[in-house]
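Colleague: Have a look at this one before I ask anything.
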Amino acid sequence: MHSFIITGFLGTGKTTLLINNIKKYFKDKKIAIVVNEFGEVGVDGQILKNVYSEVLEISEGCICCKLSAEFEKGVKEIIKDYNPEIIFIETSGTSEPFPIFLSLQNLGISVEGIICVIDAKNFNSYKDDATAKYQIGGSNIIVLNKIDLIEEKQLESLEKEVREIKEKYNIKNILTGEVIFKNYVIYKTKFGILPKEIFDGIYKIDEIIKIAQENVETGVFQSKHNFSQRIIYLPDNFSFEDIDKILSNIPNNIFRIKGIIKAKDVPTPLVVNYSFGDLSFSELPSYEGKSFLVFIGSNLETKNIIKLN
Ligand SMILES: Nc1nc2c(ncn2[C@@H]2O[C@H](COP(=O)(O)OP(=O)(O)OP(=O)(O)O)[C@@H](O)[C@H]2O)c(=O)[nH]1
């Protein structure tokens with residue numbers, strides 16, 4: 001059984017990369033997806049289920065730390081019930097990939113690649129976050145995504161910067177001190193479409209990493225998660241304009257909003273995607289639940305962030 005881990009900060013394009021590549025390259029394969037969301041209600045799972053049916057969603061916590069047991073149990077169940085050929089794990093934007101890699105190794109699953117998606121346009125806004133750096137340092141395939149939104153010059157300096165971070169934050173084998181991912185590749189993409197050979201296993205991570213589990217649990221590979229999230233369920237009778245008004249007035253400490261809404265004047269449920277000031281909507285006709293928005297940011301107040309009349 002093979003697996004790929006997709007990591008990368010909030011809103012960089014992980015779900016988009018998964019959807020686009022699975023649609024393109026894996027029509028004939030038995031694929032399972034495990035998606036871990038930072039928020040207590042999953043949006044990505046709903047979107048992925050729309051494209052691919054075998055999706056396990058692990059929400060309300062992080063599979064790289066407090067939910068690692070749940071993650072391993074979930075993966076075992078997927079294997080037992082569905083027996084996929086390939087498992088893709090989309091980590092939450094606040095997870096670090098290396099503990100997940102170790103969990104997969106524990107389960108005897110071969111990890112072919114750890115793919116870190118970087119938001120080329122918004123990298124400056126989050127590059128100082130320790131988790132973001134470890135996501136780069138703990139990956140062997142780095143994807144500079146959203147390059148349609150930046151100039152060639154910016155892209156060149158971004159690549160240089162990412163290489164420097166990669167060298168500095170490379171994960172080391174704590175027993176031998178050696179760099180674990182000796183080789184890595186950088187791709188530049190729009191909407192995350194990668195070349196087919198990545199998924200053929202040519203980047204297979206075959207290093208055998210002998211690290212005692214307690215080192216993972218004491219947090220050697222983890223940084224603190226400095227984000228919090230608030231979920232807001234919306235009443236039934238709001239209009240698209242109400243939502244638009246709210247979303248055009250978002251304070252700086254909120255850098256990610258996701259949700260699914262059913263506005264009274266729009267016939268189809270809409271997925272709301274807001275990252276670092278960019279807002280987009282897409283249709284999700286299959287959604288039957290309540291309208292909600294998840295706000296992710298720092299120093300979020302406990303009282304409601306938005307008010308609808
Ligand atoms: N212009 C442009 N937009 C993109 C690209 N890739 C993704 N997006 C948009 O960026 C937003 C976030 O994409 P997602 O795929 O949901 O990001 P994510 O990393 O899964 O987000 P989290 O799971 O919240 O961390 C969506 O509105 C996407 O349509 C790209 O290459 N170019």
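Numbering starts fresh at 1 for the residues of each chain in the structure tokens, the chains themselves are lettered A, B, ... in the order given, and ligands are numbered from 1 as they appear.
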Do a neighbour search on Phe238 (chain A) at 12 Å with only C-alpha atoms, toss out local chain neighbours closer than 5 positions, and write the hits as an MDAnalysis selection string.

Modeller: chainID A and resid 233 243:246 261:266 291:292 307:309

Colleague: Do you know which residues are within 8 Å of ligand 1 using only C-alpha atoms and all ligand atoms? Can you write them as a PyMOL selection string?

Modeller: chain A and resi 7-18+37-38+44+90-94+117+119+145-149+189-192+256-258+272-275+278-281

Colleague: What's the 10 Å shell around Ile260 (chain A), counting only C-alpha atoms, without same-chain residues fewer than 5 positions away, as a list in words?

Modeller: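 Surrounding residues, per the criterion: Gly42, Val43, Gln46, Ile47, Tyr233, Leu234, Pro269, Leu270, Val271, Val272, Asn273, Phe281, Ser282, Glu283, Leu284, Tyr287, Glu288, Gly289, Lys290, Ser291, Phe292, Leu293 and Val294 of chain A.
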
Colleague: Take the residues just selected and output them with N, CA and C atoms as a PDB file, in the first residue's frame.

Modeller:
```pdb
ATOM      1  N   GLY A  42     -15.913  19.956   9.132  1.00  0.00           N
ATOM      2  CA  GLY A  42     -15.085  19.822   7.939  1.00  0.00           C
ATOM      3  C   GLY A  42     -15.717  20.426   6.696  1.00  0.00           C
ATOM      4  N   VAL A  43     -14.917  21.186   5.972  1.00  0.00           N
ATOM      5  CA  VAL A  43     -15.361  21.689   4.675  1.00  0.00           C
ATOM      6  C   VAL A  43     -14.710  20.848   3.578  1.00  0.00           C
ATOM      7  N   GLN A  46     -16.334  17.567   2.705  1.00  0.00           N
ATOM      8  CA  GLN A  46     -17.545  17.712   1.881  1.00  0.00           C
ATOM      9  C   GLN A  46     -17.171  17.884   0.408  1.00  0.00           C
ATOM     10  N   ILE A  47     -16.135  18.686   0.161  1.00  0.00           N
ATOM     11  CA  ILE A  47     -15.735  18.948  -1.220  1.00  0.00           C
ATOM     12  C   ILE A  47     -15.132  17.683  -1.831  1.00  0.00           C
ATOM     13  N   TYR A 233     -22.756  29.153  12.853  1.00  0.00           N
ATOM     14  CA  TYR A 233     -23.867  28.630  12.045  1.00  0.00           C
ATOM     15  C   TYR A 233     -24.770  29.800  11.687  1.00  0.00           C
ATOM     16  N   LEU A 234     -25.211  29.826  10.462  1.00  0.00           N
ATOM     17  CA  LEU A 234     -25.991  30.972  10.013  1.00  0.00           C
ATOM     18  C   LEU A 234     -27.482  30.635  10.014  1.00  0.00           C
ATOM     19  N   PRO A 269     -26.038  25.537  -2.977  1.00  0.00           N
ATOM     20  CA  PRO A 269     -25.123  25.796  -1.861  1.00  0.00           C
ATOM     21  C   PRO A 269     -23.739  26.209  -2.377  1.00  0.00           C
ATOM     22  N   LEU A 270     -23.103  27.095  -1.636  1.00  0.00           N
ATOM     23  CA  LEU A 270     -21.811  27.621  -2.088  1.00  0.00           C
ATOM     24  C   LEU A 270     -20.721  27.331  -1.058  1.00  0.00           C
ATOM     25  N   VAL A 271     -19.556  26.920  -1.548  1.00  0.00           N
ATOM     26  CA  VAL A 271     -18.379  26.804  -0.686  1.00  0.00           C
ATOM     27  C   VAL A 271     -17.731  28.177  -0.638  1.00  0.00           C
ATOM     28  N   VAL A 272     -17.456  28.641   0.562  1.00  0.00           N
ATOM     29  CA  VAL A 272     -16.792  29.943   0.728  1.00  0.00           C
ATOM     30  C   VAL A 272     -15.328  29.686   1.027  1.00  0.00           C
ATOM     31  N   ASN A 273     -14.466  30.361   0.319  1.00  0.00           N
ATOM     32  CA  ASN A 273     -13.037  30.213   0.509  1.00  0.00           C
ATOM     33  C   ASN A 273     -12.409  31.572   0.636  1.00  0.00           C
ATOM     34  N   PHE A 281     -15.991  31.857  -4.287  1.00  0.00           N
ATOM     35  CA  PHE A 281     -17.146  30.988  -4.029  1.00  0.00           C
ATOM     36  C   PHE A 281     -17.176  29.911  -5.107  1.00  0.00           C
ATOM     37  N   SER A 282     -17.563  28.690  -4.725  1.00  0.00           N
ATOM     38  CA  SER A 282     -17.793  27.673  -5.754  1.00  0.00           C
ATOM     39  C   SER A 282     -19.030  26.871  -5.357  1.00  0.00           C
ATOM     40  N   GLU A 283     -19.634  26.227  -6.312  1.00  0.00           N
ATOM     41  CA  GLU A 283     -20.906  25.551  -6.038  1.00  0.00           C
ATOM     42  C   GLU A 283     -20.704  24.157  -5.447  1.00  0.00           C
ATOM     43  N   LEU A 284     -21.588  23.753  -4.549  1.00  0.00           N
ATOM     44  CA  LEU A 284     -21.540  22.394  -4.008  1.00  0.00           C
ATOM     45  C   LEU A 284     -22.979  21.879  -3.909  1.00  0.00           C
ATOM     46  N   TYR A 287     -24.621  19.492  -1.068  1.00  0.00           N
ATOM     47  CA  TYR A 287     -24.603  19.779   0.369  1.00  0.00           C
ATOM     48  C   TYR A 287     -26.023  19.946   0.928  1.00  0.00           C
ATOM     49  N   GLU A 288     -26.277  19.226   2.032  1.00  0.00           N
ATOM     50  CA  GLU A 288     -27.634  19.296   2.598  1.00  0.00           C
ATOM     51  C   GLU A 288     -27.675  19.815   4.027  1.00  0.00           C
ATOM     52  N   GLY A 289     -26.513  20.101   4.595  1.00  0.00           N
ATOM     53  CA  GLY A 289     -26.465  20.522   6.006  1.00  0.00           C
ATOM     54  C   GLY A 289     -26.788  21.993   6.186  1.00  0.00           C
ATOM     55  N   LYS A 290     -26.488  22.470   7.406  1.00  0.00           N
ATOM     56  CA  LYS A 290     -26.730  23.870   7.745  1.00  0.00           C
ATOM     57  C   LYS A 290     -25.657  24.769   7.140  1.00  0.00           C
ATOM     58  N   SER A 291     -25.964  26.050   7.028  1.00  0.00           N
ATOM     59  CA  SER A 291     -24.952  27.010   6.567  1.00  0.00           C
ATOM     60  C   SER A 291     -24.012  27.330   7.719  1.00  0.00           C
ATOM     61  N   PHE A 292     -22.728  27.333   7.423  1.00  0.00           N
ATOM     62  CA  PHE A 292     -21.774  27.682   8.481  1.00  0.00           C
ATOM     63  C   PHE A 292     -20.517  28.311   7.900  1.00  0.00           C
ATOM     64  N   LEU A 293     -19.828  29.044   8.748  1.00  0.00           N
ATOM     65  CA  LEU A 293     -18.525  29.604   8.367  1.00  0.00           C
ATOM     66  C   LEU A 293     -17.542  29.287   9.486  1.00  0.00           C
ATOM     67  N   VAL A 294     -16.351  28.854   9.141  1.00  0.00           N
ATOM     68  CA  VAL A 294     -15.306  28.628  10.136  1.00  0.00           C
ATOM     69  C   VAL A 294     -14.264  29.723   9.956  1.00  0.00           C
TER      70      VAL A 294
END
```

Colleague: Pick out the closest residue to Lys133 (chain A) from this set: A:Glu151, A:Glu96, A:Glu77, A:Asp242. Count only C-alpha atoms.

Modeller: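 Between A:Glu151, A:Glu96, A:Glu77, A:Asp242, the residue approaching Lys133 (chain A) most closely is A:Glu96.
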
Colleague: Residues at most 12 Å from Glu156 (chain A), counting only C-alpha atoms, excluding those fewer than 3 positions away in the same chain, as a ChimeraX atom specification?

Modeller: /A:120,144,147,150-153,159-163,186,188
